[in-house]
Structures are given as C-alpha cells and as structure tokens.
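Dropping coords-v8.cif in here (mmCIF, C-alpha atoms and all ligand atoms):
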```cif
data_input
#
loop_
_atom_site.label_atom_id
_atom_site.label_comp_id
_atom_site.auth_asym_id
_atom_site.auth_seq_id
_atom_site.Cartn_x
_atom_site.Cartn_y
_atom_site.Cartn_z
CA MET A 1 0.00 0.00 0.00
CA GLU A 2 1.18 3.51 -0.74
CA LYS A 3 2.19 5.54 2.29
CA TRP A 4 1.32 9.20 2.83
CA ASN A 5 2.31 11.26 5.83
CA PHE A 6 -0.72 13.54 5.69
CA GLU A 7 -4.36 12.91 6.42
CA GLY A 8 -7.55 14.90 7.00
CA LYS A 9 -7.18 16.24 10.48
CA LYS A 10 -9.03 14.24 13.10
CA GLY A 11 -10.66 16.68 15.50
CA LEU A 12 -10.93 16.38 19.22
CA SER A 13 -14.56 17.37 19.18
CA GLY A 14 -15.83 16.62 15.73
CA SER A 15 -19.28 16.05 17.14
CA THR A 16 -20.93 19.15 15.76
CA ILE A 17 -22.90 18.90 12.58
CA SER A 18 -22.24 21.63 10.06
CA VAL A 19 -25.02 24.20 9.90
CA ARG A 20 -24.37 24.76 6.24
CA ALA A 21 -24.59 21.06 5.38
CA VAL A 22 -27.89 20.73 7.20
CA TYR A 23 -29.18 23.92 5.62
CA ASN A 24 -28.33 22.64 2.13
CA MET A 25 -29.94 19.30 2.87
CA LEU A 26 -33.15 21.02 4.04
CA MET A 27 -33.18 23.39 1.05
CA ALA A 28 -32.97 20.42 -1.27
CA ARG A 29 -36.05 18.88 0.35
CA THR A 30 -38.42 21.82 0.04
CA ASN A 31 -41.34 21.31 -2.31
CA ASN A 32 -42.22 23.79 -5.02
CA LYS A 33 -45.91 23.99 -4.23
CA LYS A 34 -45.38 26.59 -1.52
CA PRO A 35 -42.92 29.46 -1.53
CA MET A 36 -39.89 28.60 0.55
CA LEU A 37 -39.63 30.35 3.91
CA ARG A 38 -36.34 30.48 5.74
CA LEU A 39 -36.63 31.00 9.47
CA CYS A 40 -33.17 29.71 9.98
CA ARG A 41 -30.31 31.84 8.80
CA VAL A 42 -29.28 34.75 10.89
CA ASP A 43 -28.38 36.99 8.03
CA PRO A 44 -30.45 40.06 8.83
CA THR A 45 -30.20 41.29 5.24
CA ASP A 46 -32.59 38.47 4.24
CA ASN A 47 -35.25 40.76 5.68
CA PRO A 48 -35.78 43.72 3.31
CA SER A 49 -36.72 46.02 6.22
CA PHE A 50 -33.31 45.49 7.73
CA ARG A 51 -31.30 47.94 5.72
CA THR A 52 -28.25 49.65 7.01
CA THR A 53 -28.29 53.35 7.73
CA HIS A 54 -27.27 55.53 4.76
CA GLU A 55 -24.40 57.01 6.81
CA ALA A 56 -22.64 53.66 6.56
CA PRO A 57 -22.32 53.28 2.76
CA HIS A 58 -21.63 57.00 2.60
CA ALA A 59 -18.66 56.60 4.95
CA VAL A 60 -17.39 53.65 2.90
CA ALA A 61 -17.81 55.54 -0.38
CA THR A 62 -15.91 58.52 1.01
CA ALA A 63 -13.09 56.23 2.09
CA VAL A 64 -12.93 54.48 -1.27
CA CYS A 65 -13.10 57.69 -3.31
CA SER A 66 -10.33 59.34 -1.28
CA TYR A 67 -7.81 56.85 -2.79
CA ASN A 68 -6.13 56.94 0.64
CA PHE A 69 -7.10 53.44 1.68
CA ASN A 70 -5.91 51.20 -1.13
CA SER A 71 -2.95 49.97 0.88
CA TYR A 72 -2.65 46.95 3.15
CA ALA A 73 -3.90 47.78 6.61
CA PRO A 74 -1.54 47.81 9.59
CA THR A 75 -1.46 44.46 11.42
CA ALA A 76 -3.81 45.43 14.23
CA GLY A 77 -5.92 47.75 12.09
CA LEU A 78 -6.00 51.44 11.19
CA PRO A 79 -5.23 53.55 14.28
CA GLN A 80 -8.25 55.83 13.76
CA ALA A 81 -10.56 52.82 13.60
CA ARG A 82 -9.03 51.28 16.72
CA ARG A 83 -9.47 54.57 18.54
CA ALA A 84 -13.08 54.95 17.42
CA ILE A 85 -13.95 51.43 18.58
CA ALA A 86 -12.12 51.93 21.89
CA ASN A 87 -14.22 55.04 22.51
CA TYR A 88 -17.43 53.37 21.38
CA LEU A 89 -16.90 50.45 23.77
CA SER A 90 -15.68 52.62 26.63
CA SER A 91 -18.97 54.48 26.87
CA ASP A 92 -20.38 51.32 28.50
CA LEU A 93 -17.36 50.61 30.71
CA PRO A 94 -16.20 52.01 34.04
CA TYR A 95 -12.79 52.81 32.54
CA GLN A 96 -11.39 53.94 29.21
CA LEU A 97 -10.07 51.43 26.66
CA THR A 98 -7.10 52.60 24.57
CA PRO A 99 -6.64 52.00 20.83
CA GLU A 100 -3.99 49.40 21.80
CA ASN A 101 -6.77 47.31 23.34
CA VAL A 102 -8.54 46.93 19.99
CA PHE A 103 -7.61 44.63 17.09
CA LEU A 104 -9.62 44.78 13.89
CA THR A 105 -10.76 41.52 12.32
CA ALA A 106 -12.70 40.36 9.29
CA GLY A 107 -15.98 40.12 11.21
CA GLY A 108 -16.71 38.47 14.52
CA ALA A 109 -15.98 35.18 12.79
CA GLN A 110 -12.31 35.98 12.27
CA ALA A 111 -12.08 37.18 15.86
CA ILE A 112 -13.07 33.64 16.87
CA ASP A 113 -10.65 32.19 14.33
CA ILE A 114 -7.82 34.19 15.88
CA ILE A 115 -8.47 33.98 19.57
CA LEU A 116 -8.90 30.22 19.88
CA PRO A 117 -5.55 29.27 18.33
CA VAL A 118 -3.91 32.07 20.30
CA LEU A 119 -5.07 30.31 23.47
CA ALA A 120 -4.53 26.73 22.30
CA CYS A 121 -1.49 25.00 23.75
CA PRO A 122 -0.88 21.28 24.15
CA GLY A 123 -3.42 19.79 26.54
CA ALA A 124 -5.47 22.97 26.91
CA ASN A 125 -9.24 22.95 27.05
CA ILE A 126 -11.96 25.58 26.70
CA LEU A 127 -15.47 25.77 28.14
CA LEU A 128 -18.22 26.44 25.61
CA PRO A 129 -21.93 27.06 26.17
CA ARG A 130 -24.50 24.48 25.12
CA PRO A 131 -26.41 25.45 23.05
CA GLY A 132 -23.90 27.70 21.38
CA TYR A 133 -22.42 29.10 18.22
CA PRO A 134 -20.92 26.25 16.16
CA GLN A 135 -17.95 28.18 14.88
CA TYR A 136 -16.34 27.93 18.32
CA ASP A 137 -16.59 24.15 18.19
CA SER A 138 -15.21 23.78 14.69
CA ARG A 139 -12.40 26.26 15.24
CA ALA A 140 -11.43 24.56 18.50
CA THR A 141 -11.34 21.24 16.68
CA TYR A 142 -8.95 22.55 14.04
CA CYS A 143 -6.49 23.93 16.57
CA PHE A 144 -6.67 20.90 18.86
CA LEU A 145 -8.24 22.78 21.71
CA GLU A 146 -10.30 20.35 23.74
CA VAL A 147 -13.91 21.44 24.20
CA ARG A 148 -15.93 20.98 27.39
CA TYR A 149 -19.54 22.08 27.52
CA PHE A 150 -21.47 23.84 30.23
CA ASP A 151 -25.24 24.02 29.98
CA LEU A 152 -27.42 27.04 29.57
CA LEU A 153 -30.58 26.37 31.56
CA PRO A 154 -33.90 26.98 29.78
CA GLN A 155 -35.89 26.84 33.01
CA ARG A 156 -33.74 29.65 34.37
CA GLY A 157 -34.00 31.94 31.37
CA TRP A 158 -30.95 30.32 29.77
CA GLU A 159 -28.58 31.34 32.55
CA VAL A 160 -25.28 29.53 32.83
CA ASP A 161 -25.34 26.39 34.97
CA LEU A 162 -22.82 27.94 37.34
CA ASP A 163 -22.57 24.89 39.58
CA SER A 164 -21.26 22.78 36.73
CA ILE A 165 -18.44 25.11 35.72
CA GLU A 166 -16.10 24.31 38.57
CA ALA A 167 -16.50 20.58 38.08
CA LEU A 168 -15.74 20.90 34.37
CA ALA A 169 -12.60 22.97 34.67
CA ASP A 170 -9.12 21.87 35.60
CA ASP A 171 -5.62 23.34 35.49
CA ASN A 172 -5.59 23.04 31.70
CA THR A 173 -8.73 25.11 31.23
CA VAL A 174 -7.78 28.41 29.64
CA ALA A 175 -11.05 30.20 28.94
CA MET A 176 -14.81 30.12 28.84
CA VAL A 177 -17.03 31.58 26.16
CA LEU A 178 -20.21 33.51 26.83
CA ILE A 179 -22.46 34.88 24.09
CA ASN A 180 -24.41 37.93 25.23
CA PRO A 181 -27.04 38.78 24.02
CA SER A 182 -27.30 35.09 23.38
CA ASN A 183 -27.34 33.43 20.02
CA PRO A 184 -29.13 31.00 19.78
CA CYS A 185 -31.20 31.42 22.97
CA GLY A 186 -32.30 35.04 22.67
CA ASN A 187 -31.74 35.85 26.34
CA VAL A 188 -29.72 38.72 27.80
CA PHE A 189 -27.64 38.04 30.89
CA THR A 190 -28.19 40.22 33.95
CA TYR A 191 -25.51 42.28 35.65
CA GLN A 192 -25.65 40.01 38.70
CA HIS A 193 -25.32 36.83 36.69
CA LEU A 194 -22.38 38.14 34.68
CA LYS A 195 -20.69 39.15 37.90
CA ARG A 196 -21.10 35.63 39.24
CA VAL A 197 -19.61 34.24 36.04
CA ALA A 198 -16.67 36.63 36.38
CA LYS A 199 -16.03 35.52 39.96
CA ILE A 200 -16.05 31.85 39.06
CA ALA A 201 -13.69 32.46 36.13
CA ARG A 202 -11.39 34.40 38.46
CA LYS A 203 -11.41 31.53 40.96
CA LEU A 204 -10.54 29.08 38.19
CA GLY A 205 -7.84 31.34 36.75
CA ILE A 206 -9.39 31.43 33.30
CA LEU A 207 -10.27 34.34 31.03
CA VAL A 208 -13.71 35.09 29.65
CA ILE A 209 -14.31 35.43 25.92
CA SER A 210 -17.47 37.47 25.66
CA ASP A 211 -19.05 37.29 22.22
CA GLU A 212 -20.89 40.61 22.03
CA VAL A 213 -21.64 40.56 18.34
CA TYR A 214 -25.25 41.38 19.33
CA ALA A 215 -24.29 44.10 21.80
CA HIS A 216 -27.21 46.47 22.41
CA VAL A 217 -29.58 44.34 20.33
CA THR A 218 -31.92 43.99 23.31
CA PHE A 219 -35.65 44.58 23.58
CA GLY A 220 -36.76 43.02 26.86
CA ARG A 221 -36.28 43.78 30.52
CA ASN A 222 -32.53 43.26 30.78
CA PRO A 223 -30.24 45.93 29.36
CA PHE A 224 -27.03 44.87 27.65
CA VAL A 225 -24.12 44.81 30.11
CA PRO A 226 -20.71 44.22 28.54
CA MET A 227 -18.59 41.61 30.32
CA GLY A 228 -15.79 44.20 30.33
CA VAL A 229 -17.60 45.86 33.25
CA PHE A 230 -16.18 43.01 35.35
CA SER A 231 -12.67 43.07 33.96
CA SER A 232 -11.26 44.23 37.29
CA ILE A 233 -12.34 40.78 38.53
CA VAL A 234 -11.30 38.73 35.50
CA PRO A 235 -9.62 39.65 32.20
CA VAL A 236 -12.07 39.69 29.32
CA ILE A 237 -11.73 39.39 25.58
CA SER A 238 -14.72 40.99 23.94
CA ILE A 239 -15.66 40.08 20.38
CA GLY A 240 -17.66 42.62 18.41
CA SER A 241 -18.82 43.29 14.87
CA LEU A 242 -20.83 45.68 12.74
CA SER A 243 -22.51 42.73 10.99
CA LYS A 244 -25.65 42.36 13.06
CA ARG A 245 -26.36 45.75 14.58
CA TRP A 246 -25.68 47.59 11.33
CA PHE A 247 -27.00 44.83 9.01
CA VAL A 248 -23.78 44.60 7.01
CA PRO A 249 -22.48 41.04 7.51
CA GLY A 250 -20.90 41.09 4.05
CA TRP A 251 -18.59 43.96 4.94
CA ARG A 252 -16.45 41.70 7.10
CA ILE A 253 -15.55 44.05 9.88
CA GLY A 254 -15.30 43.14 13.53
CA TRP A 255 -12.89 43.33 16.42
CA ILE A 256 -11.24 41.80 19.43
CA ALA A 257 -11.07 44.12 22.44
CA THR A 258 -8.95 43.24 25.45
CA CYS A 259 -10.68 44.50 28.59
CA ASP A 260 -8.00 44.08 31.17
CA PRO A 261 -7.24 47.10 33.36
CA ARG A 262 -4.88 44.98 35.48
CA GLY A 263 -2.66 44.18 32.51
CA ILE A 264 -2.86 40.40 32.94
CA PHE A 265 -2.89 39.76 29.19
CA GLN A 266 0.37 41.68 28.90
CA LYS A 267 1.99 39.69 31.70
CA THR A 268 0.85 36.34 30.37
CA GLY A 269 1.91 37.09 26.80
CA VAL A 270 -1.62 36.90 25.37
CA VAL A 271 -1.38 40.33 23.75
CA THR A 272 1.94 39.50 22.10
CA ASN A 273 0.49 36.25 20.85
CA ILE A 274 -2.57 38.03 19.38
CA ILE A 275 -0.27 40.42 17.51
CA ASN A 276 1.96 37.59 16.32
CA TYR A 277 -1.05 35.69 15.11
CA LEU A 278 -2.48 38.73 13.33
CA GLU A 279 0.81 39.06 11.44
CA SER A 280 -0.05 35.84 9.65
CA THR A 281 -3.71 36.49 8.84
CA SER A 282 -5.45 38.56 6.20
CA ASP A 283 -7.11 41.79 7.30
CA SER A 284 -10.47 43.41 7.03
CA PRO A 285 -10.44 45.66 3.93
CA THR A 286 -8.64 48.92 4.64
CA PHE A 287 -11.39 51.20 3.30
CA ILE A 288 -14.00 49.50 5.48
CA GLN A 289 -11.74 50.06 8.47
CA ALA A 290 -11.36 53.67 7.42
CA ALA A 291 -15.13 54.12 7.43
CA ILE A 292 -15.50 52.99 11.05
CA PRO A 293 -15.01 56.34 12.82
CA GLU A 294 -17.66 58.00 10.68
CA ILE A 295 -20.10 55.08 10.96
CA LEU A 296 -19.83 54.99 14.75
CA ASP A 297 -19.98 58.75 15.04
CA LYS A 298 -22.74 59.55 12.55
CA THR A 299 -25.20 56.68 13.00
CA LYS A 300 -28.39 58.20 14.38
CA ASP A 301 -30.15 56.83 17.43
CA ASP A 302 -33.31 56.69 15.31
CA PHE A 303 -31.85 54.00 13.11
CA LEU A 304 -30.79 51.87 16.07
CA SER A 305 -34.01 52.31 18.03
CA LYS A 306 -36.22 51.66 15.00
CA ASN A 307 -34.48 48.31 14.52
CA ILE A 308 -34.89 47.42 18.15
CA ASN A 309 -38.59 48.19 17.87
CA MET A 310 -38.90 45.95 14.80
CA LEU A 311 -37.16 43.11 16.60
CA ARG A 312 -39.31 43.59 19.71
CA GLU A 313 -42.42 43.36 17.53
CA ALA A 314 -41.05 40.25 15.83
CA ALA A 315 -40.23 38.64 19.19
CA ASN A 316 -43.75 39.41 20.45
CA THR A 317 -45.36 38.02 17.30
CA PHE A 318 -43.18 34.95 17.47
CA TYR A 319 -43.91 34.27 21.13
CA ASP A 320 -47.67 34.76 20.84
CA LEU A 321 -48.00 32.55 17.78
CA CYS A 322 -45.65 29.91 19.16
CA LYS A 323 -47.88 29.48 22.22
CA GLU A 324 -50.66 28.31 19.90
CA ILE A 325 -48.56 25.59 18.30
CA PRO A 326 -49.10 22.15 19.79
CA CYS A 327 -46.07 19.99 20.61
CA LEU A 328 -43.67 22.96 20.79
CA THR A 329 -42.61 24.98 23.82
CA CYS A 330 -40.62 28.18 23.88
CA PRO A 331 -39.37 28.35 27.47
CA HIS A 332 -38.18 31.93 27.32
CA LYS A 333 -39.47 34.85 25.32
CA PRO A 334 -36.61 36.28 23.26
CA GLU A 335 -35.31 39.57 24.62
CA GLY A 336 -32.19 40.02 22.53
CA ALA A 337 -30.32 38.92 19.39
CA MET A 338 -32.26 37.36 16.51
CA ALA A 339 -32.85 33.68 17.23
CA VAL A 340 -34.67 31.57 19.78
CA MET A 341 -34.73 27.95 20.94
CA VAL A 342 -37.95 25.94 20.97
CA GLU A 343 -38.38 22.48 22.48
CA ILE A 344 -40.18 19.63 20.73
CA ASN A 345 -42.40 17.68 23.13
CA PHE A 346 -41.99 14.16 21.85
CA SER A 347 -44.60 12.76 24.23
CA GLN A 348 -47.22 14.66 22.21
CA ILE A 349 -45.97 13.95 18.72
CA LYS A 350 -46.04 10.85 16.55
CA ASP A 351 -44.08 9.63 13.51
CA ILE A 352 -41.16 11.99 14.07
CA ILE A 353 -38.02 10.54 15.55
CA ASP A 354 -35.92 13.57 16.35
CA ASP A 355 -35.23 17.26 15.62
CA MET A 356 -33.49 16.49 12.32
CA ASP A 357 -36.46 14.40 11.20
CA PHE A 358 -38.82 17.21 12.27
CA CYS A 359 -36.94 19.78 10.18
CA ALA A 360 -36.62 17.48 7.18
CA LYS A 361 -40.35 16.65 7.14
CA LEU A 362 -41.23 20.31 7.71
CA ALA A 363 -39.11 21.29 4.72
CA GLU A 364 -40.68 18.59 2.56
CA GLU A 365 -44.27 19.26 3.51
CA GLU A 366 -44.34 22.99 4.23
CA SER A 367 -41.23 24.40 2.53
CA VAL A 368 -40.27 26.02 5.82
CA ILE A 369 -36.64 25.81 6.88
CA ILE A 370 -35.67 25.94 10.52
CA LEU A 371 -32.55 24.48 12.07
CA PRO A 372 -32.51 21.35 14.18
CA GLY A 373 -31.12 22.05 17.65
CA VAL A 374 -28.44 19.43 17.18
CA THR A 375 -26.58 21.90 14.93
CA VAL A 376 -26.14 24.20 17.93
CA GLY A 377 -25.54 21.43 20.44
CA LEU A 378 -29.08 20.79 21.73
CA LYS A 379 -30.70 17.71 20.33
CA ASN A 380 -34.48 17.62 19.94
CA TRP A 381 -34.81 21.36 20.08
CA LEU A 382 -35.29 23.79 17.19
CA ARG A 383 -33.50 27.02 16.46
CA ILE A 384 -35.75 29.60 14.86
CA SER A 385 -34.70 33.01 13.60
CA PHE A 386 -37.40 35.63 14.15
CA ALA A 387 -35.50 38.43 12.42
CA VAL A 388 -37.53 38.01 9.25
CA SER A 389 -40.34 40.08 7.79
CA THR A 390 -43.62 39.99 9.70
CA SER A 391 -45.41 38.30 6.82
CA ASP A 392 -42.78 35.55 6.58
CA LEU A 393 -42.86 35.08 10.33
CA VAL A 394 -46.64 34.81 10.49
CA ASP A 395 -46.84 32.58 7.43
CA GLY A 396 -43.95 30.40 8.61
CA LEU A 397 -45.41 29.89 12.08
CA SER A 398 -48.85 29.09 10.71
CA ARG A 399 -47.32 26.42 8.47
CA ILE A 400 -45.40 25.03 11.44
CA LYS A 401 -48.65 24.96 13.38
CA ALA A 402 -50.47 23.10 10.58
CA PHE A 403 -47.55 20.66 10.46
CA CYS A 404 -47.63 20.07 14.22
CA LEU A 405 -51.40 19.58 14.17
CA ARG A 406 -50.93 16.83 11.59
CA TYR A 407 -48.36 15.06 13.73
CA ALA A 408 -49.91 15.66 17.15
CA LYS A 409 -51.07 12.57 19.01
CA MET A 410 -54.80 12.68 19.58
CA PRO A 411 -55.62 13.76 23.13
C1 LIG A 501 -22.89 36.27 13.53
C2 LIG A 501 -22.12 35.87 14.72
C3 LIG A 501 -20.72 35.89 14.71
C4 LIG A 501 -19.94 36.24 13.47
O1 LIG A 501 -19.95 37.60 13.23
P1 LIG A 501 -19.58 38.14 11.77
O2 LIG A 501 -19.31 39.58 12.01
O3 LIG A 501 -20.78 37.90 10.92
O4 LIG A 501 -18.39 37.40 11.31
C5 LIG A 501 -20.03 35.54 15.86
N1 LIG A 501 -20.69 35.16 16.97
C6 LIG A 501 -22.05 35.11 17.02
C7 LIG A 501 -22.71 34.68 18.28
C8 LIG A 501 -22.80 35.45 15.88
O5 LIG A 501 -24.13 35.37 15.94
#
```
Structure translated into structure tokens:
Amino acid sequence: MEKWNFEGKKGLSGSTISVRAVYNMLMARTNNKKPMLRLCRVDPTDNPSFRTTHEAPHAVATAVCSYNFNSYAPTAGLPQARRAIANYLSSDLPYQLTPENVFLTAGGAQAIDIILPVLACPGANILLPRPGYPQYDSRATYCFLEVRYFDLLPQRGWEVDLDSIEALADDNTVAMVLINPSNPCGNVFTYQHLKRVAKIARKLGILVISDEVYAHVTFGRNPFVPMGVFSSIVPVISIGSLSKRWFVPGWRIGWIATCDPRGIFQKTGVVTNIINYLESTSDSPTFIQAAIPEILDKTKDDFLSKNINMLREAANTFYDLCKEIPCLTCPHKPEGAMAVMVEINFSQIKDIIDDMDFCAKLAEEESVIILPGVTVGLKNWLRISFAVSTSDLVDGLSRIKAFCLRYAKMP
C-alpha cells in the first residue's frame, strides 16, 4: 500500500454537525408547491426592512473615493478605527479602553478564528456554552483545543449552569465563552449573573471570551451589560462586529477588544500572541476600516431604536404565535439577538423521531426551513430566527402549526 504522511485532520470534538450542510440538505427537500420560507439563517439582510443606515455606505464611499485606503492595513488595524472602537466600547465601561486594546478583524468570525488558536497550547481545554455558536466548536477542533460544555438552563431563562463550571474545569482550562445577548437562545444576561460568572472564572484562573456581536440588540427587561464591566475581577476578551447591529455582515468588519485594566494579558503574553497571530492572517479591507469612525460617530439613534422596535415586535409576534402551536414549547421569550430555541415535546408527537427528522419533514411538507437544535448542540430542540419580515414570520409559524397539528397525538 502507498504511504502518505498527511491525512484529514481528526478533530478532538468533531461532534458538531455543520449548519451549512444541514441547511443545504433542508433546502434540497423543500417542495415547489409553496414558496420557501427560511426562518433559519441569521443573516439580517434576508429581511428587506433590515437595511443599514445611509451614513454607513456613505462613509465607505468617502473612504474608497479618497484613494487613501488602497494599501494593506496595519497588522492590528487602522489607528483611527481602533481609537473609534475603543471610545465606542468605553462608553459602556467604568474605565477607558485605549486604541492598543482593539484589534480589527474580518468580522466576529475571524475574531473567533484568531483567539482560539492564540489560546490553544498542548493539553489545553476551553469551556463552551450548550447550546452555542458552532464556529467555536469547529475552530477549536482545528487547533486541537479540547472542548468541554457547560449548559445554559432553559428553566432559568438560559442562565449559565454555574454549579457545573467548577466541576468541568481543571488546570488546563484556559477560557470560557459567553455569548451575550445570546445566540441562539435570545436571552440577555443580567448584571448580577455576569458578575457571578466573572467571579467563578477568576477563581478558576481562566479568562472570559465574551461574544458581544449582538451588543445592544436587546428589547426586553434586561439591558445589555458588557462583560468588560467586570474586567477588574477577571480579564475579558470581547468580540464585536458591525454585521448584526448595522445589518452589514458582508462587509467583514469586527474586532477583538482586550478589557484588562490589570494588565494580565500583557503579563501572560496573550497580547503578544494576538499580535503575532495577526501578522499571519489577512485583514479586514482597509477602506471598510477607514469608514469605522464616521459610521460609529454619525449613525443616528433613530436607526438603532427603529431596529430594536422591529425586533421587539417580531419577538412578540413569534412568542404569541408559538404558544398556539401544539407539541412545541418556547421556554423563554426572546429579549435580545435574533434567534430563539424551541423544544419539541416528543410525548405529544407521533411519527417523528428527532429534531433532524422534524426539520426534514417540515421542509418537505411545508417548505419552511428551521434548524434542528443538534446543529447548535441541543438535540431535539429547534432554532428559529425571528428576524424576518412579519409576513414571513406569520406565514412560517402558521405552516409550522399546521404541520404540528398533523403530527400531534390525539388527546
Ligand atoms: C454572527 C455571529 C458571529 C460572526 O460575526 P460576523 O461579524 O458575521 O463574522 C459571531 N458570533 C455570534 C454569536 C454570531 O451570531
């Protein structure tokens, strides 16, 4: 037999199922009798009412037309963009971030792609939320960072199962990830809960990666509190992006911000390692970076609050209609971000074996696409995006209801 020294990398946690593969499989099953409805992707631009504010393309056009931003960007990003983001984030923090705390990335996704390998060292492990955002799992797999899961508890509004964290962690645990506002659960963590998380992380000697890609996208009781508020307790790496709040995911602009007034990342070499890693990656386009100060400065509150109102309406519509669907339970009304988790009650349903089967049959019979929970780590749940137009949401939920009525066991 021929011998080769290479092989497809075997992951440490190859358990997650690719969202894209499942999405393609479901798309292929839709029938053409009913128009296809996608309540699954969280690309806000799918919804025609979610259009970015005109200040944003204007700022980009100005940058492009100046001819000043055709060069490669500096490793950590354009200084004026780093400064603008530092100021933007600092308005929610008890202390001022400096431009040196901010590293520009090609979206929140590249921030994840950078920070996990920066932290990976032989034997290290990381704590991820379940359900969660699958990119953390796949990235961890490819840099041989062992993944351990802590649960988010639906009966407690998707709070972290704090008791389990200490049992999961050991001396090789380097970090835990928190997504706030939460994708896929749609909850927003309270100040008190975040503080408890910070204290546990401090006790364990691990840092907190706070994915705040949905920062300020909140429309319930709890306001958004950045994890950086607790960075005097534990050092925090905050991940941010324009993609979701400004509806421009295709612009590929995001950031890593180190919130660490005690300078622990400096002492432990994390900052140096981030910079070294950035040296070997591609950057967010220079002219998009150059537009950041103007976008952050000129975006009107009207634009942001109008979007929040639309999402609040959508969350209300979703929650009210979902209550009328047999066999499904939404344990927590969404109060942030753009997606929500719904449980399938298998004791009330017949002829469906699991969440994947549910979504496949729903696609075949109703041309509605929603994601099986298994793609975000929670089997036999469903992940539904409510950030779609009202008509799609109402139509989609009424088809799901008709579907569930067909499969409900007779009382
Ligand atoms: C969308 C999303 C990202 C990726 O952000 P981009 O700016 O689109 O790359 C990261 N984390 C979470 C939780 C997200 O929902």
(request) Would you mind telling me which residue in A:Glu364, A:Asp395, A:Asp43, A:Glu55 lies nearest to ligand LIG 501 (chain A) when using all atoms listed in the file? (result)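 Answer, going by the shortest atom-to-atom distance: A:Asp43.
One finds CA of Met227 (chain A) at 14.3 Å from CA of Gln96 (chain A).
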(message) Let me see if you get this right: every residue at most 6 Å from ligand LIG 501 (chain A), counting all atoms listed in the file, written as a PyMOL selection string.
(response) chain A and resi 107-109+133+179+183+211+213+241+243+249+254
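Non-sequential neighbours of Met36 (chain A) (distance at most 10 Å, separation of 6 or more positions within a chain, all atoms listed in the file) are Met27, Thr30, Ala363, Glu366, Ser367, Val368, Ile369, Asp392 and Gly396 of chain A.
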(request) Find the residue from A:Ser49, A:Ile288, A:Ile349, A:Val342 that sits nearest to Gln80 (chain A); use all atoms listed in the file when measuring. (result) A:Ile288
(message) Report, in Å to a single decimal, how far apart CA of Arg245 (chain A) and CA of Asn307 (chain A) are.
(response)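 Calculated distance between CA of Asn307 (chain A) and CA of Arg245 (chain A) is 8.5 Å.
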Using all atoms listed in the file, find all polymer residues with an atom at most 12 Å away from the point (-47.5, 23.3, 11.9); report them as a PDB file with C-alpha atoms, in the coordinates of the input.
```pdb
ATOM      1  CA  LEU A 321     -48.000  32.550  17.780  1.00  0.00           C
ATOM      2  CA  CYS A 322     -45.650  29.910  19.160  1.00  0.00           C
ATOM      3  CA  GLU A 324     -50.660  28.310  19.900  1.00  0.00           C
ATOM      4  CA  ILE A 325     -48.560  25.590  18.300  1.00  0.00           C
ATOM      5  CA  PRO A 326     -49.100  22.150  19.790  1.00  0.00           C
ATOM      6  CA  CYS A 327     -46.070  19.990  20.610  1.00  0.00           C
ATOM      7  CA  LEU A 328     -43.670  22.960  20.790  1.00  0.00           C
ATOM      8  CA  ILE A 349     -45.970  13.950  18.720  1.00  0.00           C
ATOM      9  CA  PHE A 358     -38.820  17.210  12.270  1.00  0.00           C
ATOM     10  CA  CYS A 359     -36.940  19.780  10.180  1.00  0.00           C
ATOM     11  CA  LYS A 361     -40.350  16.650   7.140  1.00  0.00           C
ATOM     12  CA  LEU A 362     -41.230  20.310   7.710  1.00  0.00           C
ATOM     13  CA  ALA A 363     -39.110  21.290   4.720  1.00  0.00           C
ATOM     14  CA  GLU A 365     -44.270  19.260   3.510  1.00  0.00           C
ATOM     15  CA  GLU A 366     -44.340  22.990   4.230  1.00  0.00           C
ATOM     16  CA  SER A 367     -41.230  24.400   2.530  1.00  0.00           C
ATOM     17  CA  VAL A 368     -40.270  26.020   5.820  1.00  0.00           C
ATOM     18  CA  VAL A 394     -46.640  34.810  10.490  1.00  0.00           C
ATOM     19  CA  ASP A 395     -46.840  32.580   7.430  1.00  0.00           C
ATOM     20  CA  GLY A 396     -43.950  30.400   8.610  1.00  0.00           C
ATOM     21  CA  LEU A 397     -45.410  29.890  12.080  1.00  0.00           C
ATOM     22  CA  SER A 398     -48.850  29.090  10.710  1.00  0.00           C
ATOM     23  CA  ARG A 399     -47.320  26.420   8.470  1.00  0.00           C
ATOM     24  CA  ILE A 400     -45.400  25.030  11.440  1.00  0.00           C
ATOM     25  CA  LYS A 401     -48.650  24.960  13.380  1.00  0.00           C
ATOM     26  CA  ALA A 402     -50.470  23.100  10.580  1.00  0.00           C
ATOM     27  CA  PHE A 403     -47.550  20.660  10.460  1.00  0.00           C
ATOM     28  CA  CYS A 404     -47.630  20.070  14.220  1.00  0.00           C
ATOM     29  CA  LEU A 405     -51.400  19.580  14.170  1.00  0.00           C
ATOM     30  CA  ARG A 406     -50.930  16.830  11.590  1.00  0.00           C
ATOM     31  CA  TYR A 407     -48.360  15.060  13.730  1.00  0.00           C
ATOM     32  CA  ALA A 408     -49.910  15.660  17.150  1.00  0.00           C
TER      33      ALA A 408
END
```
(message) With distances taken over only C-alpha atoms, which residue among A:Arg82, A:Thr299, A:Arg312, A:Pro122 lies nearest Pro99 (chain A)?
(response) A:Arg82
Work out where the centre of an axis-aligned box around every listed atom of region 348-367 of chain A lies and how long its edges are once 3 Å is added on each side; give both in Å to one decimal as lines of an AutoDock Vina configuration file.
```
center_x = -40.4
center_y = 17.0
center_z = 12.4
size_x = 19.7
size_y = 20.8
size_z = 25.7
```
(message) When you look at region 186-203 of chain A with a cut-off of 6 Å (counting all atoms listed in the file), what residues show up, excluding the ones that are within fewer than 2 positions of it in the same chain? I need them as number ranges by chain.
(response) A: 180-184, 205-206, 234, 334-337, 339-340
(request) Using CA of Glu7 (chain A) and CA of Glu279 (chain A) as the two end points, give the distance in Å to one decimal. (result)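 Between CA of Glu7 (chain A) and CA of Glu279 (chain A) the gap works out to 27.1 Å.
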(request) Determine the nearest neighbour of Ala59 (chain A) from the options A:Tyr88, A:Tyr136, A:Phe346, A:Phe287, counting only C-alpha atoms. (result) A:Phe287
